[in-house]
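**Q** One file is attached below, coords-v8.txt, containing compact mmCIF, C-alpha atoms.
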# COMPACT_ATOMS: atom_id res chain seq x y z
CA MET A 1 25.53 2.72 38.49
CA MET A 2 23.24 2.51 35.50
CA ASN A 3 21.77 -0.87 34.60
CA LYS A 4 22.92 -2.37 31.36
CA LEU A 5 19.35 -2.23 30.21
CA LEU A 6 18.14 1.34 30.59
CA PRO A 7 14.50 2.15 31.30
CA GLY A 8 12.63 2.96 28.11
CA ILE A 9 10.95 6.25 27.38
CA CYS A 10 7.54 6.35 25.68
CA PHE A 11 4.73 8.86 25.41
CA ILE A 12 1.47 8.20 27.19
CA VAL A 13 -1.54 7.73 24.93
CA SER A 14 -3.01 11.14 25.66
CA PHE A 15 0.24 12.77 24.58
CA PHE A 16 0.08 10.94 21.24
CA CYS A 17 -3.33 12.47 20.62
CA CYS A 18 -1.81 15.93 20.89
CA SER A 19 0.14 15.28 17.67
CA TYR A 20 3.58 15.48 19.17
CA CYS A 21 5.77 17.57 16.93
CA LEU A 22 8.86 19.66 17.67
CA GLY A 23 10.54 22.48 15.77
CA GLN A 24 13.58 22.12 13.57
CA ALA A 25 16.84 21.66 15.43
CA ALA A 26 19.83 23.92 15.58
CA SER A 27 23.09 22.85 13.96
CA GLY A 28 25.40 20.49 15.86
CA ASP A 29 28.39 21.43 17.98
CA SER A 30 31.89 20.02 17.90
CA THR A 31 31.35 17.16 20.36
CA ALA A 32 28.58 14.86 21.55
CA GLN A 33 28.56 16.53 24.95
CA ALA A 34 28.18 19.96 23.38
CA MET A 35 25.27 18.65 21.35
CA ALA A 36 23.62 17.54 24.57
CA SER A 37 23.11 21.17 25.62
CA SER A 38 21.68 22.35 22.28
CA PRO A 39 18.11 23.75 22.02
CA ALA A 40 16.98 20.76 19.95
CA VAL A 41 17.88 18.32 22.69
CA GLY A 42 16.32 20.59 25.29
CA PHE A 43 13.01 20.71 23.40
CA PHE A 44 13.01 16.93 23.05
CA ASN A 45 13.80 16.38 26.71
CA ALA A 46 11.16 18.85 27.87
CA ALA A 47 8.54 17.13 25.71
CA ILE A 48 9.19 13.56 26.84
CA GLY A 49 9.95 14.20 30.51
CA GLN A 50 11.74 11.88 32.87
CA GLN A 51 8.67 9.70 33.39
CA SER A 52 8.14 8.86 29.74
CA ARG A 53 8.54 5.34 28.34
CA LEU A 54 9.44 5.48 24.66
CA TYR A 55 11.96 2.67 24.18
CA ASN A 56 13.81 -0.12 25.92
CA GLY A 57 17.35 -0.76 24.85
CA PRO A 58 20.85 -1.52 26.04
CA GLU A 59 23.24 1.14 27.23
CA TYR A 60 25.34 2.50 24.38
CA ASN A 61 29.06 2.87 25.00
CA LEU A 62 31.35 5.04 22.92
CA TYR A 63 34.42 3.58 21.24
CA ASP A 64 37.97 3.68 22.49
CA PRO A 65 39.19 7.19 21.60
CA THR A 66 42.54 5.83 20.44
CA ILE A 67 40.86 4.29 17.37
CA LYS A 68 41.45 6.62 14.45
CA GLY A 69 38.31 7.97 12.78
CA ASN A 70 34.84 7.11 14.03
CA ALA A 71 31.96 4.70 13.47
CA TYR A 72 29.32 7.29 12.63
CA PHE A 73 27.38 8.29 9.56
CA GLN A 74 29.08 11.01 7.54
CA ASP A 75 31.85 11.07 10.17
CA ILE A 76 29.72 13.24 12.46
CA TYR A 77 30.69 12.35 16.01
CA GLU A 78 27.88 14.18 17.76
CA PHE A 79 24.17 13.77 18.39
CA ARG A 80 22.06 15.36 15.68
CA PRO A 81 18.26 15.71 15.62
CA GLY A 82 16.50 13.14 13.50
CA GLU A 83 13.17 11.43 13.04
CA VAL A 84 12.40 7.82 13.96
CA VAL A 85 9.45 5.55 13.29
CA TYR A 86 9.40 3.32 16.34
CA ASP A 87 6.69 0.72 16.84
CA GLY A 88 4.81 2.48 14.04
CA ILE A 89 4.84 5.89 15.77
CA VAL A 90 6.75 8.91 14.42
CA TYR A 91 9.00 10.90 16.78
CA ASN A 92 10.68 14.11 15.62
CA ASN A 93 13.87 15.85 16.75
CA VAL A 94 15.32 12.84 18.53
CA PRO A 95 19.03 13.44 19.35
CA MET A 96 20.76 10.52 17.65
CA MET A 97 23.81 9.08 15.93
CA TYR A 98 23.94 6.20 13.44
CA ASP A 99 26.68 3.73 14.30
CA MET A 100 27.58 2.17 10.95
CA ASN A 101 29.94 -0.39 12.48
CA LYS A 102 27.30 -1.93 14.75
CA ASP A 103 24.40 -0.93 12.48
CA ILE A 104 22.45 0.63 15.34
CA VAL A 105 21.00 4.03 16.23
CA ALA A 106 22.27 5.58 19.47
CA VAL A 107 20.04 8.07 21.28
CA LEU A 108 20.76 10.57 24.05
CA LEU A 109 18.53 10.36 27.12
CA TYR A 110 16.77 13.19 28.93
CA ASN A 111 19.62 13.67 31.41
CA ASN A 112 21.87 14.87 28.53
CA PHE A 113 24.47 12.26 29.43
CA SER A 114 23.16 8.69 29.25
CA ARG A 115 23.11 6.97 25.87
CA PHE A 116 21.24 3.90 24.73
CA ALA A 117 20.65 1.98 21.51
CA LEU A 118 17.22 1.70 19.94
CA LEU A 119 16.14 -1.87 19.28
CA ASN A 120 16.49 -2.53 15.56
CA GLU A 121 13.49 -4.82 15.30
CA ARG A 122 11.25 -2.03 16.63
CA LEU A 123 12.80 0.76 14.55
CA GLN A 124 11.12 0.67 11.15
CA SER A 125 12.95 3.69 9.72
CA PHE A 126 14.82 6.85 10.63
CA ASP A 127 15.79 10.10 8.96
CA LEU A 128 19.15 11.68 9.69
CA LEU A 129 21.18 14.34 7.88
CA ASN A 130 18.75 14.37 4.92
CA HIS A 131 18.96 10.60 4.43
CA HIS A 132 16.10 8.15 4.88
CA PHE A 133 17.04 4.74 6.30
CA VAL A 134 14.74 1.74 6.31
CA TYR A 135 15.09 -1.51 8.22
CA ILE A 136 14.97 -4.54 5.96
CA THR A 137 14.54 -8.03 7.35
CA THR A 138 15.70 -10.87 5.17
CA ASP A 139 15.62 -14.65 5.40
CA SER A 140 18.90 -15.66 6.99
CA LEU A 141 18.59 -19.09 5.37
CA ASN A 142 18.48 -17.58 1.89
CA THR A 143 22.21 -17.44 1.24
CA SER A 144 21.65 -16.42 -2.38
CA SER A 145 20.25 -13.01 -1.43
CA PRO A 146 22.87 -10.25 -1.77
CA ILE A 147 21.56 -8.29 1.22
CA ARG A 148 21.29 -9.06 4.92
CA THR A 149 19.02 -7.77 7.65
CA GLY A 150 19.85 -4.20 8.62
CA PHE A 151 19.45 -0.51 7.83
CA TYR A 152 19.64 0.71 4.24
CA ASP A 153 19.69 4.25 2.88
CA GLU A 154 16.63 4.36 0.64
CA VAL A 155 17.53 6.74 -2.19
CA TYR A 156 14.46 5.90 -4.27
CA LYS A 157 11.24 3.97 -3.77
CA GLY A 158 8.63 3.34 -6.44
CA ASN A 159 7.89 0.18 -8.40
CA VAL A 160 11.59 -0.46 -7.92
CA GLN A 161 13.63 0.42 -4.85
CA ALA A 162 17.20 1.77 -4.84
CA LEU A 163 19.22 1.18 -1.68
CA VAL A 164 22.65 2.04 -0.35
CA LYS A 165 24.31 0.14 2.48
CA TRP A 166 26.84 2.18 4.45
CA THR A 167 29.31 0.26 6.58
CA LYS A 168 32.32 0.97 8.74
CA ASN A 169 34.68 -1.64 10.10
CA ILE A 170 37.57 -1.61 12.55
CA GLN A 171 40.87 -2.51 10.97
CA THR A 172 44.33 -3.03 12.41
CA SER A 173 47.65 -2.25 10.80
CA SER A 174 50.92 -3.17 12.46
CA THR A 175 54.61 -2.67 11.93
CA ALA A 176 57.58 -3.89 13.92
CA THR A 177 57.12 -1.04 16.41
CA THR A 178 53.54 0.19 16.20
CA ILE A 179 49.95 -1.02 16.00
CA GLU A 180 47.36 1.28 14.45
CA VAL A 181 43.62 0.71 14.83
CA PHE A 182 41.27 2.63 12.56
CA PHE A 183 37.85 2.68 10.90
CA THR A 184 37.36 2.04 7.20
CA GLN A 185 34.18 2.85 5.26
CA ASN A 186 32.46 1.05 2.39
CA LYS A 187 29.25 1.52 0.42
CA TYR A 188 27.25 -1.13 -1.37
CA TYR A 189 24.42 -0.58 -3.84
CA TYR A 190 21.27 -2.63 -4.35
CA LEU A 191 18.13 -2.54 -6.42
CA LYS A 192 14.91 -4.31 -5.57
CA LYS A 193 12.79 -5.28 -8.55
CA GLY A 194 9.72 -7.32 -7.84
CA ASN A 195 10.58 -9.48 -4.84
CA THR A 196 14.25 -9.83 -5.74
CA TYR A 197 17.24 -7.81 -4.53
CA TYR A 198 20.16 -7.29 -6.90
CA SER A 199 23.68 -6.18 -6.05
CA ILE A 200 24.66 -3.27 -8.31
CA GLY A 201 28.32 -2.91 -9.18
CA GLY A 202 27.98 0.01 -11.58
CA GLN A 203 25.84 1.59 -14.29
CA SER A 204 26.06 -1.41 -16.59
CA GLY A 205 24.91 -3.70 -13.79
CA LEU A 206 21.97 -1.43 -13.04
CA LEU A 207 20.92 -1.33 -16.70
CA ASN A 208 21.18 -5.11 -16.93
CA VAL A 209 18.65 -5.44 -14.11
CA LEU A 210 16.41 -2.93 -15.91
CA LYS A 211 17.11 -4.46 -19.30
CA ASP A 212 13.47 -4.42 -20.44
CA LYS A 213 13.84 -0.63 -20.81
CA LYS A 214 17.59 -0.46 -21.27
CA LYS A 215 17.59 1.45 -24.56
CA GLU A 216 15.29 4.18 -23.28
CA LEU A 217 17.33 4.51 -20.10
CA GLN A 218 20.58 4.84 -22.03
CA GLN A 219 19.01 7.66 -24.03
CA TYR A 220 17.86 9.32 -20.81
CA ILE A 221 21.33 9.04 -19.24
CA LYS A 222 22.98 10.56 -22.29
CA ALA A 223 20.44 13.36 -22.69
CA ASN A 224 20.73 14.36 -19.03
CA LYS A 225 24.50 13.89 -18.83
CA ILE A 226 24.26 11.58 -15.84
CA LYS A 227 27.69 10.49 -14.62
CA TYR A 228 27.15 7.36 -12.57
CA LYS A 229 30.72 7.15 -11.26
CA ASP A 230 30.61 10.74 -9.98
CA ASN A 231 27.56 10.17 -7.78
CA PRO A 232 26.20 6.59 -7.79
CA ASP A 233 23.52 7.37 -5.18
CA LYS A 234 21.98 10.18 -7.22
CA ALA A 235 22.40 8.36 -10.52
CA MET A 236 20.65 5.24 -9.19
CA ALA A 237 17.75 7.34 -7.91
CA LEU A 238 17.36 9.20 -11.21
CA ILE A 239 17.59 6.09 -13.38
CA ALA A 240 15.20 4.10 -11.16
CA ALA A 241 12.69 6.95 -11.21
CA ARG A 242 12.92 7.22 -14.98
CA TYR A 243 12.40 3.46 -15.29
CA ASP A 244 9.14 3.77 -13.37
CA GLN A 245 7.99 6.56 -15.69
CA LEU A 246 8.49 4.55 -18.88
Turn this file's structure into structure tokens for me.

**A**
Amino acid sequence: MMNKLLPGICFIVSFFCCSYCLGQAASGDSTAQAMASSPAVGFFNAAIGQQSRLYNGPEYNLYDPTIKGNAYFQDIYEFRPGEVVYDGIVYNNVPMMYDMNKDIVAVLLYNNFSRFALLNERLQSFDLLNHHFVYITTDSLNTSSPIRTGFYDEVYKGNVQALVKWTKNIQTSSTATTIEVFFTQNKYYYLKKGNTYYSIGGQSGLLNVLKDKKKELQQYIKANKIKYKDNPDKAMALIAARYDQL
């Protein structure tokens, strides 16, 4: 039986000096087990070897299959290659899934079967499915802050920072004869200006935070036909970037 705490896997110092870098991964298969046999996972496993010591973390268990939907980013229930910055070191083509319910990154071990969770406090950022997530630590005593410690999708970073928080939660619905358990998804938007985080409820809220250049931004939005409601992530990134240019 596997211990609850799995042995970590980390590169020896001499291997770091060789500028560890792997090729781009192949596309994912239909299940997590199928992904385990993909070339990307094979390259990663061959590079780290069974004697490596990259991380320490608890065993990661999958959810009850009777729950409708899944807990994972973009509903992809399979390990996909991504990049992590762990203890300040970059690792490429790591087979991983982002669990949005628990707000943790699950990684597949070299044996193509065992799974464990990276330790959040040691995972500075990760890139998965063309999204860049950063770990933000906040003061738990500061109840006025709209954000909490966790991973945020960083859609723009300059003098201001635009962030998206993806979440999934388990919900239960019952009738007289049945009980249904399922995942629901939500997204929350934030902007960091100076040392302050602001919760953004829409375009007007974003412009209010950036009110010192509101008129110019309104002109930019109109000229470029930006539809905030159609794609808030993209609109926030564009508007924040324009703000920095003014």

**Q** Tell me, in Å to one decimal, how far CA of Asp212 (chain A) is from CA of Lys157 (chain A).

**A**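 Taking CA of Asp212 (chain A) as the start and CA of Lys157 (chain A) as the end point, the length is 18.8 Å.
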
**Q** Taking into account all atoms listed in the file, which residue in the set A:Met236, A:Leu108, A:Ile136, A:Ala117 is nearest to Ser204 (chain A)?

**A**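 That would be A:Met236, the residue with the smallest distance to Ser204 (chain A).
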
**Q** Please provide the set of residues having any atom within 7 Å of Leu191 (chain A), restricted to all atoms listed in the file, with same-chain residues fewer than 5 positions apart removed, written as a VMD selection string.

**A** chain A and resid 161 to 163 197 to 200

**Q** So what do you get for CA of Tyr63 (chain A) versus CA of Val90 (chain A), distance-wise?

**A**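 Computing the Euclidean distance for CA of Tyr63 (chain A) and CA of Val90 (chain A) yields 29.0 Å.
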
**Q** Which of these residues is nearest to Thr149 (chain A), using only C-alpha atoms: A:Asp103, A:Thr177, A:Val85, A:Lys222?

**A**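 Answer, going by the shortest atom-to-atom distance: A:Asp103.
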
**Q** Looking at all atoms listed in the file, which of A:Glu180, A:Glu154, A:Asp99, A:Asp127 is the one that sits closest to Val84 (chain A)?

**A**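 Residue with the minimum atom-to-atom distance to Val84 (chain A): A:Asp127.
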
**Q** Tell me which of A:Arg242, A:Asp87, A:Asn159, A:Met97 sits closest to Asn195 (chain A), counting all atoms listed in the file.

**A**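 For Asn195 (chain A), the nearest of the given residues is A:Asn159.
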
**Q** Please indicate the distance in Å from CA of Arg80 (chain A) to CA of Tyr188 (chain A), rounded to one decimal place.

**A**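 Interatomic distance here is 24.3 Å.
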
**Q** Counting all atoms listed in the file, which residues sit no farther than 6 Å from the position (19.4, 4.4, 9.9) in the file's frame? I'd like them as a PyMOL selection string.

**A** chain A and resi 126+133+151

**Q** For Lys187 (chain A), work out the shell of residues within 8 Å, counting all atoms listed in the file and skipping chain neighbours fewer than 5 positions away, then give it as a ChimeraX atom specification.

**A** /A:164-167

**Q** Export, as a PDB file, in the frame of the given file, the selected residues with C-alpha atoms.

**A**
ATOM      1  CA  VAL A 164      22.650   2.040  -0.350  1.00  0.00           C
ATOM      2  CA  LYS A 165      24.310   0.140   2.480  1.00  0.00           C
ATOM      3  CA  TRP A 166      26.840   2.180   4.450  1.00  0.00           C
ATOM      4  CA  THR A 167      29.310   0.260   6.580  1.00  0.00           C
TER       5      THR A 167
END

**Q** Rank nothing, just name the residue among A:Ile147, A:Leu246, A:Leu109, A:Ala237 nearest to Tyr190 (chain A), using only C-alpha atoms.

**A** A:Ile147

**Q** Which of these residues is nearest to Lys68 (chain A), using only C-alpha atoms: A:Pro81, A:Phe183, A:Leu210, A:Val160?

**A** A:Phe183
